[in-house]
file start-v4.csv (CSV, C-alpha atoms and all ligand atoms)
chain,number,residue,atom,x,y,z
W,3,MET,CA,-7.0,-158.2,-107.3
W,4,SER,CA,-5.6,-159.9,-110.4
W,5,LEU,CA,-2.6,-162.1,-109.8
W,6,GLU,CA,-1.5,-162.2,-113.4
W,7,PHE,CA,1.8,-160.5,-112.7
W,8,SER,CA,4.6,-162.8,-111.9
W,9,HIS,CA,6.9,-160.1,-110.9
W,10,PRO,CA,8.8,-159.9,-107.6
W,11,LEU,CA,7.7,-156.2,-107.2
W,12,TRP,CA,4.1,-157.2,-107.5
W,13,ASP,CA,4.4,-159.7,-104.8
W,14,SER,CA,6.2,-157.4,-102.4
W,15,PHE,CA,3.6,-154.7,-103.3
W,16,LEU,CA,0.7,-156.9,-102.4
W,17,GLU,CA,2.4,-157.6,-99.0
W,18,ASP,CA,2.9,-153.9,-98.4
W,19,LEU,CA,-0.6,-153.1,-99.4
W,20,GLU,CA,-2.0,-155.7,-97.0
W,21,ALA,CA,0.0,-154.3,-94.2
W,22,ALA,CA,-1.0,-150.7,-94.8
W,23,GLN,CA,-4.0,-150.3,-92.6
W,24,ASP,CA,-4.5,-146.5,-92.8
W,25,ILE,CA,-4.4,-143.7,-95.3
W,26,SER,CA,-1.0,-142.5,-94.2
W,27,SER,CA,0.7,-145.8,-94.6
W,28,LEU,CA,-1.0,-146.2,-98.0
W,29,THR,CA,0.7,-142.9,-99.0
W,30,GLU,CA,4.0,-144.4,-98.0
W,31,VAL,CA,3.4,-147.4,-100.1
W,32,ARG,CA,2.5,-145.2,-103.0
W,33,ASP,CA,5.7,-143.4,-102.7
W,34,LYS,CA,7.7,-146.5,-102.3
W,35,TYR,CA,6.5,-147.9,-105.7
W,36,LEU,CA,5.4,-144.9,-107.7
W,37,SER,CA,7.5,-141.9,-106.6
W,38,ARG,CA,9.0,-140.5,-109.9
W,39,THR,CA,12.4,-140.2,-108.4
W,40,LYS,CA,12.7,-143.0,-105.9
W,41,GLY,CA,9.8,-145.3,-106.7
W,42,LEU,CA,10.9,-148.9,-107.2
W,43,LEU,CA,8.8,-149.1,-110.4
W,44,SER,CA,10.3,-145.9,-111.7
W,45,LEU,CA,13.8,-147.3,-111.0
W,46,GLU,CA,12.9,-150.5,-112.8
W,47,MET,CA,11.7,-148.5,-115.8
W,48,ARG,CA,15.1,-146.8,-116.0
W,49,GLN,CA,16.7,-150.2,-116.1
W,50,LEU,CA,14.9,-151.0,-119.4
W,51,GLY,CA,17.7,-149.3,-121.4
W,52,LYS,CA,20.1,-152.0,-120.3
W,53,LEU,CA,18.1,-154.7,-122.0
W,54,PRO,CA,18.7,-156.0,-125.5
W,55,PRO,CA,16.7,-153.8,-127.8
W,56,GLU,CA,14.3,-156.6,-128.9
W,57,GLN,CA,13.2,-157.2,-125.3
W,58,ARG,CA,12.5,-153.6,-124.4
W,59,PRO,CA,9.0,-153.1,-125.9
W,60,GLY,CA,7.7,-156.3,-124.3
W,61,GLU,CA,9.3,-155.6,-120.9
W,62,GLY,CA,8.2,-152.0,-121.1
W,63,GLN,CA,4.6,-152.9,-121.7
W,64,LYS,CA,4.7,-155.3,-118.8
W,65,LEU,CA,6.1,-152.7,-116.5
W,66,ASN,CA,3.5,-150.2,-117.6
W,67,GLN,CA,0.7,-152.6,-116.9
W,68,LEU,CA,2.2,-153.4,-113.5
W,69,LYS,CA,2.5,-149.7,-112.8
W,70,ASN,CA,-1.2,-149.2,-113.7
W,71,ALA,CA,-2.2,-152.1,-111.6
W,72,VAL,CA,-0.3,-150.8,-108.6
W,73,SER,CA,-1.8,-147.4,-109.0
W,74,ASP,CA,-5.4,-148.8,-109.4
W,75,ALA,CA,-4.9,-151.1,-106.4
W,76,LEU,CA,-3.7,-148.2,-104.3
W,77,ASP,CA,-6.7,-146.0,-105.4
W,78,GLN,CA,-9.1,-148.8,-104.5
W,79,ALA,CA,-7.5,-149.5,-101.2
W,80,SER,CA,-7.5,-145.9,-100.3
W,81,GLU,CA,-11.2,-145.6,-101.0
W,82,ILE,CA,-11.8,-148.6,-98.8
W,83,ARG,CA,-9.6,-147.3,-96.0
W,84,LYS,CA,-11.2,-143.9,-96.1
W,85,LYS,CA,-14.6,-145.3,-95.8
W,86,ALA,CA,-13.5,-147.6,-92.9
W,87,GLU,CA,-12.0,-144.6,-91.1
W,88,SER,CA,-15.1,-142.5,-91.5
W,89,ASP,CA,-17.3,-145.4,-90.4
W,90,SER,CA,-15.3,-146.0,-87.3
W,91,ARG,CA,-15.2,-142.3,-86.5
W,92,LEU,CA,-19.0,-142.1,-87.0
W,93,SER,CA,-19.5,-145.0,-84.6
W,94,ARG,CA,-17.1,-143.5,-82.1
W,95,GLU,CA,-18.7,-140.2,-82.2
W,96,HIS,CA,-22.2,-141.5,-82.3
W,97,LEU,CA,-24.5,-139.7,-79.9
W,98,ASP,CA,-27.2,-141.5,-78.1
W,99,VAL,CA,-29.7,-138.7,-77.7
W,100,THR,CA,-31.9,-140.8,-75.4
W,101,LEU,CA,-29.2,-140.9,-72.7
W,102,PRO,CA,-29.9,-138.6,-69.7
W,103,GLY,CA,-27.7,-135.4,-69.8
W,104,TYR,CA,-24.9,-134.6,-67.4
W,105,GLU,CA,-26.0,-132.4,-64.5
W,106,THR,CA,-24.5,-128.9,-64.6
W,107,ARG,CA,-23.5,-127.8,-61.1
W,108,LEU,CA,-24.6,-124.3,-60.3
W,109,GLY,CA,-22.2,-122.0,-58.4
W,110,ALA,CA,-23.2,-120.9,-54.9
W,111,VAL,CA,-23.1,-117.5,-53.3
W,112,HIS,CA,-20.2,-117.3,-50.8
W,113,PRO,CA,-21.5,-117.3,-47.2
W,114,ILE,CA,-19.9,-113.9,-46.5
W,115,ARG,CA,-21.5,-112.4,-49.6
W,116,ARG,CA,-24.7,-114.1,-48.6
W,117,ILE,CA,-24.8,-112.7,-45.1
W,118,TRP,CA,-24.0,-109.2,-46.5
W,119,GLU,CA,-26.9,-109.5,-48.9
W,120,GLU,CA,-29.1,-110.3,-46.0
W,121,MET,CA,-27.8,-107.4,-43.8
W,122,GLU,CA,-27.7,-104.7,-46.4
W,123,PRO,CA,-31.5,-104.4,-47.0
W,124,ILE,CA,-32.1,-104.3,-43.3
W,125,PHE,CA,-29.9,-101.2,-42.9
W,126,VAL,CA,-31.3,-99.7,-46.1
W,127,GLY,CA,-34.8,-100.2,-44.7
W,128,MET,CA,-33.7,-98.3,-41.6
W,129,GLY,CA,-32.6,-95.4,-43.6
W,130,PHE,CA,-28.9,-96.0,-43.9
W,131,GLN,CA,-27.0,-95.4,-47.1
W,132,VAL,CA,-24.3,-97.9,-48.2
W,133,VAL,CA,-20.9,-96.3,-48.9
W,134,GLU,CA,-17.4,-97.7,-49.5
W,135,GLY,CA,-13.9,-96.6,-48.5
W,136,PRO,CA,-10.5,-97.5,-49.9
W,137,GLU,CA,-8.7,-100.6,-48.6
W,138,VAL,CA,-5.4,-98.9,-48.9
W,139,GLU,CA,-5.6,-96.0,-46.4
W,140,SER,CA,-3.5,-93.2,-45.0
W,141,ASP,CA,-2.5,-93.4,-41.4
W,142,PHE,CA,-4.4,-90.1,-41.1
W,143,TYR,CA,-7.9,-91.7,-41.7
W,144,ASN,CA,-7.1,-95.1,-40.2
W,145,PHE,CA,-5.6,-93.6,-36.9
W,146,GLU,CA,-5.0,-89.9,-36.5
W,147,ALA,CA,-8.5,-88.7,-37.4
W,148,LEU,CA,-10.0,-91.4,-35.2
W,149,ASN,CA,-8.1,-90.1,-32.2
W,150,ILE,CA,-5.6,-92.9,-32.1
W,151,PRO,CA,-2.4,-91.1,-31.2
W,152,GLU,CA,1.1,-92.1,-32.4
W,153,SER,CA,1.7,-94.1,-29.2
W,154,HIS,CA,-1.4,-96.2,-29.2
W,155,PRO,CA,-0.8,-99.9,-29.3
W,156,ALA,CA,-3.1,-100.3,-32.3
W,157,ARG,CA,-0.5,-98.4,-34.3
W,158,ASN,CA,2.1,-101.1,-33.5
W,159,ASP,CA,3.6,-102.7,-36.5
W,160,GLN,CA,2.4,-106.0,-35.3
W,161,ASP,CA,-1.2,-105.2,-36.1
W,162,THR,CA,-0.9,-103.2,-39.2
W,163,PHE,CA,0.3,-104.0,-42.7
W,164,TYR,CA,2.2,-100.9,-43.8
W,165,ILE,CA,2.8,-100.1,-47.5
W,166,THR,CA,4.8,-97.0,-46.9
W,167,PRO,CA,5.4,-95.2,-43.6
W,168,HIS,CA,2.1,-93.3,-44.1
W,169,THR,CA,0.1,-95.7,-46.2
W,170,LEU,CA,-1.4,-99.0,-44.9
W,171,LEU,CA,-4.1,-101.6,-45.4
W,172,ARG,CA,-7.0,-100.4,-43.3
W,173,THR,CA,-7.2,-102.3,-40.0
W,174,HIS,CA,-11.0,-101.5,-39.7
W,175,THR,CA,-13.8,-99.8,-41.6
W,176,SER,CA,-13.8,-96.8,-39.2
W,177,PRO,CA,-11.7,-94.6,-41.5
W,178,ALA,CA,-14.9,-94.2,-43.5
W,179,GLN,CA,-16.3,-92.2,-40.6
W,180,VAL,CA,-14.2,-89.1,-41.1
W,181,ARG,CA,-14.0,-89.5,-44.9
W,182,THR,CA,-17.8,-89.3,-44.9
W,183,MET,CA,-18.1,-86.4,-42.4
W,184,GLU,CA,-15.7,-84.4,-44.6
W,185,LYS,CA,-18.1,-84.7,-47.5
W,186,GLN,CA,-21.5,-84.9,-46.0
W,187,LYS,CA,-23.3,-82.7,-43.5
W,188,PRO,CA,-25.6,-84.2,-40.9
W,189,PRO,CA,-27.9,-86.0,-40.8
W,190,ILE,CA,-25.5,-88.7,-41.7
W,191,ARG,CA,-26.6,-92.4,-41.8
W,192,ILE,CA,-24.2,-94.7,-43.4
W,193,VAL,CA,-23.1,-98.3,-43.4
W,194,VAL,CA,-19.7,-99.2,-44.8
W,195,PRO,CA,-19.0,-102.8,-45.7
W,196,GLY,CA,-15.6,-104.0,-46.8
W,197,ARG,CA,-12.3,-105.9,-46.3
W,198,VAL,CA,-10.0,-105.1,-43.5
W,199,TYR,CA,-6.5,-106.4,-42.7
W,200,ARG,CA,-4.5,-107.2,-39.6
W,201,ARG,CA,-1.2,-108.9,-39.1
W,202,ASP,CA,-2.8,-111.9,-37.4
W,203,ALA,CA,-1.7,-115.5,-37.7
W,204,VAL,CA,-4.4,-117.7,-39.2
W,205,ASP,CA,-6.3,-119.9,-36.9
W,206,ALA,CA,-10.0,-120.9,-36.2
W,207,THR,CA,-10.9,-117.4,-35.2
W,208,HIS,CA,-8.3,-115.2,-37.0
W,209,SER,CA,-7.4,-114.3,-40.5
W,210,PRO,CA,-5.1,-111.5,-41.8
W,211,MET,CA,-8.0,-110.4,-44.0
W,212,PHE,CA,-11.6,-110.3,-42.8
W,213,HIS,CA,-14.7,-108.3,-43.3
W,214,GLN,CA,-16.4,-105.6,-41.3
W,215,VAL,CA,-19.3,-103.3,-41.7
W,216,GLU,CA,-19.2,-99.9,-40.1
W,217,GLY,CA,-22.3,-97.9,-39.0
W,218,LEU,CA,-22.3,-94.2,-38.4
W,219,LEU,CA,-25.2,-91.9,-37.6
W,220,VAL,CA,-24.7,-88.2,-36.8
W,221,ASP,CA,-27.6,-85.8,-36.1
W,222,ARG,CA,-29.0,-83.6,-33.4
W,223,ASN,CA,-29.8,-85.2,-30.0
W,224,ILE,CA,-28.5,-88.7,-30.8
W,225,THR,CA,-28.0,-90.7,-27.7
W,226,MET,CA,-26.8,-94.1,-26.5
W,227,ALA,CA,-30.5,-95.1,-26.6
W,228,ASP,CA,-30.6,-94.6,-30.3
W,229,LEU,CA,-27.5,-96.8,-30.7
W,230,LYS,CA,-29.1,-99.6,-28.6
W,231,GLY,CA,-32.5,-99.3,-30.3
W,232,SER,CA,-31.2,-99.4,-33.8
W,233,LEU,CA,-28.9,-102.4,-33.1
W,234,GLU,CA,-31.8,-104.2,-31.5
W,235,CYS,CA,-34.0,-103.5,-34.6
W,236,PHE,CA,-31.2,-104.8,-36.8
W,237,PHE,CA,-30.5,-108.0,-34.9
W,238,ARG,CA,-34.2,-108.8,-34.5
W,239,GLU,CA,-34.5,-108.7,-38.3
W,240,LEU,CA,-31.3,-110.7,-38.8
W,241,PHE,CA,-31.8,-113.4,-36.2
W,242,SER,CA,-35.2,-113.5,-34.5
W,243,ALA,CA,-37.8,-111.1,-33.0
W,244,ASP,CA,-36.8,-112.1,-29.4
W,245,THR,CA,-33.1,-111.2,-29.8
W,246,GLY,CA,-31.8,-109.1,-26.9
W,247,VAL,CA,-29.0,-106.6,-27.1
W,248,ARG,CA,-26.8,-105.6,-24.1
W,249,LEU,CA,-24.1,-103.0,-23.8
W,250,ARG,CA,-21.0,-103.4,-21.7
W,251,PRO,CA,-18.6,-100.5,-21.1
W,252,SER,CA,-15.5,-100.7,-23.2
W,253,TYR,CA,-12.9,-98.5,-24.7
W,254,PHE,CA,-12.2,-97.4,-28.3
W,255,PRO,CA,-10.2,-94.1,-28.8
W,256,PHE,CA,-12.8,-92.8,-31.3
W,257,VAL,CA,-15.9,-93.2,-29.2
W,258,GLU,CA,-16.9,-91.9,-25.7
W,259,PRO,CA,-18.5,-93.7,-24.0
W,260,GLY,CA,-17.5,-96.9,-25.8
W,261,ALA,CA,-19.3,-100.2,-25.5
W,262,GLU,CA,-18.9,-103.9,-26.3
W,263,VAL,CA,-22.3,-105.1,-27.7
W,264,ASP,CA,-23.6,-108.6,-27.0
W,265,ILE,CA,-26.7,-110.2,-28.4
W,266,SER,CA,-28.7,-113.0,-26.7
W,267,CYS,CA,-27.6,-116.3,-28.1
W,268,PRO,CA,-29.7,-117.0,-31.2
W,269,PHE,CA,-29.3,-120.8,-30.7
W,270,CYS,CA,-30.5,-121.2,-27.2
W,271,SER,CA,-32.5,-117.9,-26.8
W,272,GLY,CA,-30.3,-117.1,-23.9
W,273,SER,CA,-30.6,-120.3,-21.9
W,274,GLY,CA,-27.0,-121.3,-22.4
W,275,CYS,CA,-25.5,-123.7,-25.0
W,276,ARG,CA,-22.2,-124.7,-26.7
W,277,VAL,CA,-22.2,-121.7,-29.1
W,278,CYS,CA,-22.5,-119.0,-26.3
W,279,LYS,CA,-20.4,-121.1,-24.0
W,280,LYS,CA,-23.3,-121.4,-21.5
W,281,SER,CA,-23.4,-117.6,-21.0
W,282,GLY,CA,-26.6,-117.0,-23.0
W,283,TRP,CA,-24.8,-114.0,-24.7
W,284,ILE,CA,-22.5,-113.5,-27.7
W,285,GLU,CA,-20.1,-110.7,-28.1
W,286,ILE,CA,-20.8,-109.3,-31.5
W,287,LEU,CA,-19.5,-105.8,-32.0
W,288,GLY,CA,-17.8,-102.6,-30.8
W,289,ALA,CA,-19.7,-99.4,-30.6
W,290,GLY,CA,-20.1,-96.0,-28.9
W,291,MET,CA,-20.9,-92.3,-29.2
W,292,VAL,CA,-18.6,-90.7,-31.7
W,293,HIS,CA,-15.8,-88.9,-29.8
W,294,PRO,CA,-16.1,-85.0,-30.0
W,295,ARG,CA,-12.6,-84.9,-31.4
W,296,VAL,CA,-13.6,-87.2,-34.2
W,297,LEU,CA,-16.6,-85.1,-35.1
W,298,THR,CA,-14.3,-82.0,-35.1
W,299,MET,CA,-11.8,-83.8,-37.4
W,300,GLY,CA,-14.7,-84.4,-39.7
W,301,GLY,CA,-15.6,-80.7,-39.7
W,302,ILE,CA,-18.8,-81.2,-37.6
W,303,ASP,CA,-19.5,-79.1,-34.5
W,304,PRO,CA,-19.7,-81.4,-31.5
W,305,GLU,CA,-21.7,-78.8,-29.6
W,306,GLN,CA,-24.5,-79.1,-32.1
W,307,TYR,CA,-24.3,-82.7,-33.2
W,308,THR,CA,-23.8,-86.1,-31.6
W,309,GLY,CA,-23.6,-89.4,-33.2
W,310,TYR,CA,-23.1,-93.1,-32.7
W,311,ALA,CA,-20.8,-95.5,-34.5
W,312,TRP,CA,-20.3,-99.3,-34.5
W,313,GLY,CA,-18.2,-101.8,-36.3
W,314,MET,CA,-19.1,-105.5,-36.6
W,315,GLY,CA,-17.4,-108.5,-38.2
W,316,ILE,CA,-19.3,-109.9,-41.2
W,317,ASP,CA,-17.3,-113.1,-41.0
W,318,ARG,CA,-18.2,-113.6,-37.4
W,319,ILE,CA,-21.9,-113.0,-38.0
W,320,ALA,CA,-21.8,-115.4,-41.0
W,321,MET,CA,-20.1,-118.0,-38.8
W,322,LEU,CA,-22.7,-117.6,-36.1
W,323,LYS,CA,-25.6,-117.6,-38.5
W,324,TYR,CA,-24.5,-120.7,-40.5
W,325,GLN,CA,-22.8,-122.4,-37.5
W,326,ILE,CA,-19.4,-122.4,-39.0
W,327,ASP,CA,-16.9,-123.1,-36.3
W,328,ASP,CA,-13.6,-122.5,-38.2
W,329,MET,CA,-12.9,-119.2,-39.9
W,330,ARG,CA,-10.5,-120.8,-42.3
W,331,LEU,CA,-13.4,-122.5,-44.0
W,332,LEU,CA,-14.5,-119.1,-45.2
W,333,PHE,CA,-11.2,-118.5,-47.1
W,334,GLU,CA,-10.0,-121.8,-48.3
W,335,ASN,CA,-12.5,-122.1,-51.1
W,336,ASP,CA,-13.0,-125.8,-50.6
W,337,ILE,CA,-15.8,-126.6,-53.1
W,338,ARG,CA,-17.3,-129.2,-50.7
W,339,PHE,CA,-17.8,-126.4,-48.2
W,340,LEU,CA,-18.9,-123.7,-50.6
W,341,ARG,CA,-21.5,-126.0,-52.2
W,342,GLN,CA,-23.5,-126.1,-49.1
W,343,PHE,CA,-24.7,-122.5,-49.5
G,401,LIG,N1,-13.3,-100.2,-35.4
G,401,LIG,C1,-13.5,-101.0,-34.2
G,401,LIG,C2,-12.7,-102.3,-34.4
G,401,LIG,O1,-12.3,-102.6,-35.5
G,401,LIG,C3,-14.9,-101.3,-34.0
G,401,LIG,C4,-15.6,-100.0,-33.6
G,401,LIG,C5,-16.2,-99.3,-34.6
G,401,LIG,C6,-15.8,-99.6,-32.3
G,401,LIG,C7,-16.9,-98.1,-34.3
G,401,LIG,C8,-16.5,-98.5,-32.0
G,401,LIG,C9,-17.1,-97.8,-32.9
G,401,LIG,O2,-12.6,-103.1,-33.5

call {"tool": "encode", "arguments": {"input": "start-v4.csv", "output": "structure tokens"}}
result
Amino acid sequence: MSLEFSHPLWDSFLEDLEAAQDISSLTEVRDKYLSRTKGLLSLEMRQLGKLPPEQRPGEGQKLNQLKNAVSDALDQASEIRKKAESDSRLSREHLDVTLPGYETRLGAVHPIRRIWEEMEPIFVGMGFQVVEGPEVESDFYNFEALNIPESHPARNDQDTFYITPHTLLRTHTSPAQVRTMEKQKPPIRIVVPGRVYRRDAVDATHSPMFHQVEGLLVDRNITMADLKGSLECFFRELFSADTGVRLRPSYFPFVEPGAEVDISCPFCSGSGCRVCKKSGWIEILGAGMVHPRVLTMGGIDPEQYTGYAWGMGIDRIAMLKYQIDDMRLLFENDIRFLRQF
């Protein structure tokens, strides 16, 4: 930079230039000195008129040279700053292609979905068809058609989420029974997976939303032996070939007789462990022979046809199979838990 100008504006310009480390402060400096309206040099130019006429040409020339020098210096500086900025960006954004890449974590299939994907082909292989029913149900299909009269405790507000006096969130997958019978003639072989809802407080074994799969088979001469045999076949596939199934008498309004079904503990093969609480058996589902009234509700003649039905908790089976001891883990979506599947 030439230092031939002994002008106070040149000195202050050089200081400003020195201080302007980036393009935007350079623009400010340019405005400060060269702006047509407010630039210090432009103002100075305007002062020329006040000088005695003989001094004007000399001073004018000097000012013009100064102005050109300022402008050149700014151009030069801005080239340098631009290059510096682009160099520094390049070095910041520099990619080392020899570094190992970041590992991309894959998602996992949720344990409930996973167990359902294991169960479904077993049922399909046994000749069952997969159907679905609505989660928002009428009290007719959820209760009435299943022989659950108005006064039955299962109708109590405490168990059921009502949407309107006659619409509710289904409390089980059983409403699909009569829905299917209305549409299909025997032989009927269906499984119905899905979400169900009950007004239960959350704890290690309860959740207001959980999953069930319903089974329904209606044909001629169906007996309790078919029920037991098909469940045995299913659980032997799902757990192991030596899994035993036992029926205990129980009551559900929509079956007669009704049963509670246990399987031999898959963890100790029945000899008694922590999971089966030393009993060797695990209660796994509710079942029974479809009540004649339910068949009638579905438009099927109970004199000609009989059927069995069962309902099992998918969450419960997932918990058993993957040894998950707290149901909340299934619904909290903690990534540390989900990653394990
Ligand atoms: N729906 C019953 C429940 O949710 C289970 C069940 C289904 C029992 C079919 C018998 C027959 O507990």

call {"tool": "closest_residue", "arguments": {"input": "start-v4.csv", "among": "W:Glu20, W:Asp221, W:Glu234, W:Glu184", "to": "Tyr143 in chain W", "atoms": "only C-alpha atoms"}}
result
W:Glu184

call {"tool": "residues_near_ligand", "arguments": {"input": "start-v4.csv", "ligand": "ligand LIG 401 (chain G)", "cutoff": "9 Å", "atoms": "only C-alpha atoms and all ligand atoms", "output": "MDAnalysis selection string"}}
result
chainID W and resid 173:177 179 198 214:218 253:257 260:262 287:292 310:315

call {"tool": "residues_around", "arguments": {"input": "start-v4.csv", "residues": "Phe333 in chain W", "least_positions_apart": "6", "cutoff": "12 Å", "atoms": "all atoms listed in the file", "output": "compact mmCIF listing (two decimals) with C-alpha atoms, in the frame of the given file"}}
result
# COMPACT_ATOMS: atom_id res chain seq x y z
CA HIS W 112 -20.20 -117.30 -50.80
CA PRO W 113 -21.50 -117.30 -47.20
CA ILE W 114 -19.90 -113.90 -46.50
CA VAL W 204 -4.40 -117.70 -39.20
CA ASP W 205 -6.30 -119.90 -36.90
CA ALA W 206 -10.00 -120.90 -36.20
CA THR W 207 -10.90 -117.40 -35.20
CA HIS W 208 -8.30 -115.20 -37.00
CA SER W 209 -7.40 -114.30 -40.50
CA PRO W 210 -5.10 -111.50 -41.80
CA MET W 211 -8.00 -110.40 -44.00
CA PHE W 212 -11.60 -110.30 -42.80
CA HIS W 213 -14.70 -108.30 -43.30
CA ASP W 317 -17.30 -113.10 -41.00
CA PHE W 339 -17.80 -126.40 -48.20
CA LEU W 340 -18.90 -123.70 -50.60

call {"tool": "residues_near_point", "arguments": {"input": "start-v4.csv", "point": "(-30.7, -85.2, -43.7)", "cutoff": "12 Å", "atoms": "only C-alpha atoms", "output": "ChimeraX atom specification"}}
result
/W:129-131,186-192,219-222

call {"tool": "residues_around", "arguments": {"input": "start-v4.csv", "residues": "Ile117 in chain W", "least_positions_apart": "5", "cutoff": "9 Å", "atoms": "only C-alpha atoms", "output": "ChimeraX atom specification"}}
result
/W:112,122,316-317,319-320,323

call {"tool": "atom_distance", "arguments": {"input": "start-v4.csv", "atom1": "CA of Gly301 in chain W", "atom2": "CA of Leu170 in chain W"}}
result
23.7 Å

call {"tool": "closest_residue", "arguments": {"input": "start-v4.csv", "among": "W:Asp228, W:Asp264, W:Asp13, W:Glu46", "to": "Ser252 in chain W", "atoms": "all atoms listed in the file"}}
result
W:Asp264

call {"tool": "atom_distance", "arguments": {"input": "start-v4.csv", "atom1": "CA of Ile326 in chain W", "atom2": "CA of Val111 in chain W"}}
result
15.6 Å

call {"tool": "atom_distance", "arguments": {"input": "start-v4.csv", "atom1": "CA of Ile124 in chain W", "atom2": "CA of Ala243 in chain W"}}
result
13.6 Å

call {"tool": "closest_residue", "arguments": {"input": "start-v4.csv", "among": "W:Asn149, W:Arg197, W:Glu81, W:Leu249", "to": "Ala227 in chain W", "atoms": "all atoms listed in the file"}}
result
W:Leu249

call {"tool": "residues_around", "arguments": {"input": "start-v4.csv", "residues": "Leu68 in chain W", "least_positions_apart": "2", "cutoff": "9 Å", "atoms": "only C-alpha atoms", "output": "ChimeraX atom specification"}}
result
/W:7,9,11-12,43,63-66,70-73

call {"tool": "closest_residue", "arguments": {"input": "start-v4.csv", "among": "W:Ala22, W:Val99, W:Met121, W:Cys270", "to": "Cys235 in chain W", "atoms": "all atoms listed in the file"}}
result
W:Met121

call {"tool": "residues_around", "arguments": {"input": "start-v4.csv", "residues": "Glu146 in chain W", "least_positions_apart": "3", "cutoff": "12 Å", "atoms": "only C-alpha atoms", "output": "MDAnalysis selection string"}}
result
chainID W and resid 139:143 149:154 156:157 168 176:177 180 255:256 295:296 299:300

call {"tool": "closest_residue", "arguments": {"input": "start-v4.csv", "among": "W:Thr225, W:Arg338, W:Ala203, W:Ile25", "to": "Lys84 in chain W", "atoms": "all atoms listed in the file"}}
result
W:Ile25

call {"tool": "residues_around", "arguments": {"input": "start-v4.csv", "residues": "range 100-110 of chain W", "least_positions_apart": "4", "cutoff": "9 Å", "atoms": "only C-alpha atoms", "output": "ChimeraX atom specification"}}
result
/W:340-343

call {"tool": "closest_residue", "arguments": {"input": "start-v4.csv", "among": "W:Ala79, W:Leu16, W:Gln67, W:Leu332", "to": "Arg115 in chain W", "atoms": "all atoms listed in the file"}}
result
W:Leu332

call {"tool": "build_atoms", "arguments": {"input": "start-v4.csv", "residues": "range 217-221 of chain W", "atoms": "all heavy atoms", "output": "PDB file, keeping the file's coordinate frame"}}
result
ATOM      1  N   GLY W 217     -21.025 -98.749 -39.006  1.00  0.00           N
ATOM      2  CA  GLY W 217     -22.300 -97.900 -39.000  1.00  0.00           C
ATOM      3  C   GLY W 217     -21.944 -96.590 -38.419  1.00  0.00           C
ATOM      4  O   GLY W 217     -21.173 -96.482 -37.448  1.00  0.00           O
ATOM      5  N   LEU W 218     -22.492 -95.540 -39.000  1.00  0.00           N
ATOM      6  CA  LEU W 218     -22.300 -94.200 -38.400  1.00  0.00           C
ATOM      7  C   LEU W 218     -23.566 -93.402 -38.606  1.00  0.00           C
ATOM      8  O   LEU W 218     -24.142 -93.359 -39.700  1.00  0.00           O
ATOM      9  CB  LEU W 218     -21.142 -93.478 -39.171  1.00  0.00           C
ATOM     10  CG  LEU W 218     -20.943 -91.995 -38.808  1.00  0.00           C
ATOM     11  CD1 LEU W 218     -20.357 -91.833 -37.402  1.00  0.00           C
ATOM     12  CD2 LEU W 218     -20.044 -91.291 -39.835  1.00  0.00           C
ATOM     13  N   LEU W 219     -24.009 -92.809 -37.481  1.00  0.00           N
ATOM     14  CA  LEU W 219     -25.200 -91.900 -37.600  1.00  0.00           C
ATOM     15  C   LEU W 219     -24.856 -90.648 -36.817  1.00  0.00           C
ATOM     16  O   LEU W 219     -24.433 -90.690 -35.656  1.00  0.00           O
ATOM     17  CB  LEU W 219     -26.398 -92.639 -36.953  1.00  0.00           C
ATOM     18  CG  LEU W 219     -27.722 -91.863 -37.099  1.00  0.00           C
ATOM     19  CD1 LEU W 219     -28.871 -92.802 -37.378  1.00  0.00           C
ATOM     20  CD2 LEU W 219     -28.004 -91.032 -35.849  1.00  0.00           C
ATOM     21  N   VAL W 220     -24.974 -89.529 -37.474  1.00  0.00           N
ATOM     22  CA  VAL W 220     -24.700 -88.200 -36.800  1.00  0.00           C
ATOM     23  C   VAL W 220     -25.920 -87.326 -37.090  1.00  0.00           C
ATOM     24  O   VAL W 220     -26.361 -87.169 -38.224  1.00  0.00           O
ATOM     25  CB  VAL W 220     -23.438 -87.548 -37.391  1.00  0.00           C
ATOM     26  CG1 VAL W 220     -23.157 -86.239 -36.649  1.00  0.00           C
ATOM     27  CG2 VAL W 220     -22.230 -88.476 -37.310  1.00  0.00           C
ATOM     28  N   ASP W 221     -26.437 -86.773 -35.999  1.00  0.00           N
ATOM     29  CA  ASP W 221     -27.600 -85.800 -36.100  1.00  0.00           C
ATOM     30  C   ASP W 221     -27.699 -85.080 -34.805  1.00  0.00           C
ATOM     31  O   ASP W 221     -26.882 -85.255 -33.901  1.00  0.00           O
ATOM     32  CB  ASP W 221     -28.861 -86.659 -36.427  1.00  0.00           C
ATOM     33  CG  ASP W 221     -29.922 -85.820 -37.150  1.00  0.00           C
ATOM     34  OD1 ASP W 221     -29.781 -84.568 -37.204  1.00  0.00           O
ATOM     35  OD2 ASP W 221     -30.889 -86.418 -37.651  1.00  0.00           O
TER      36      ASP W 221
END
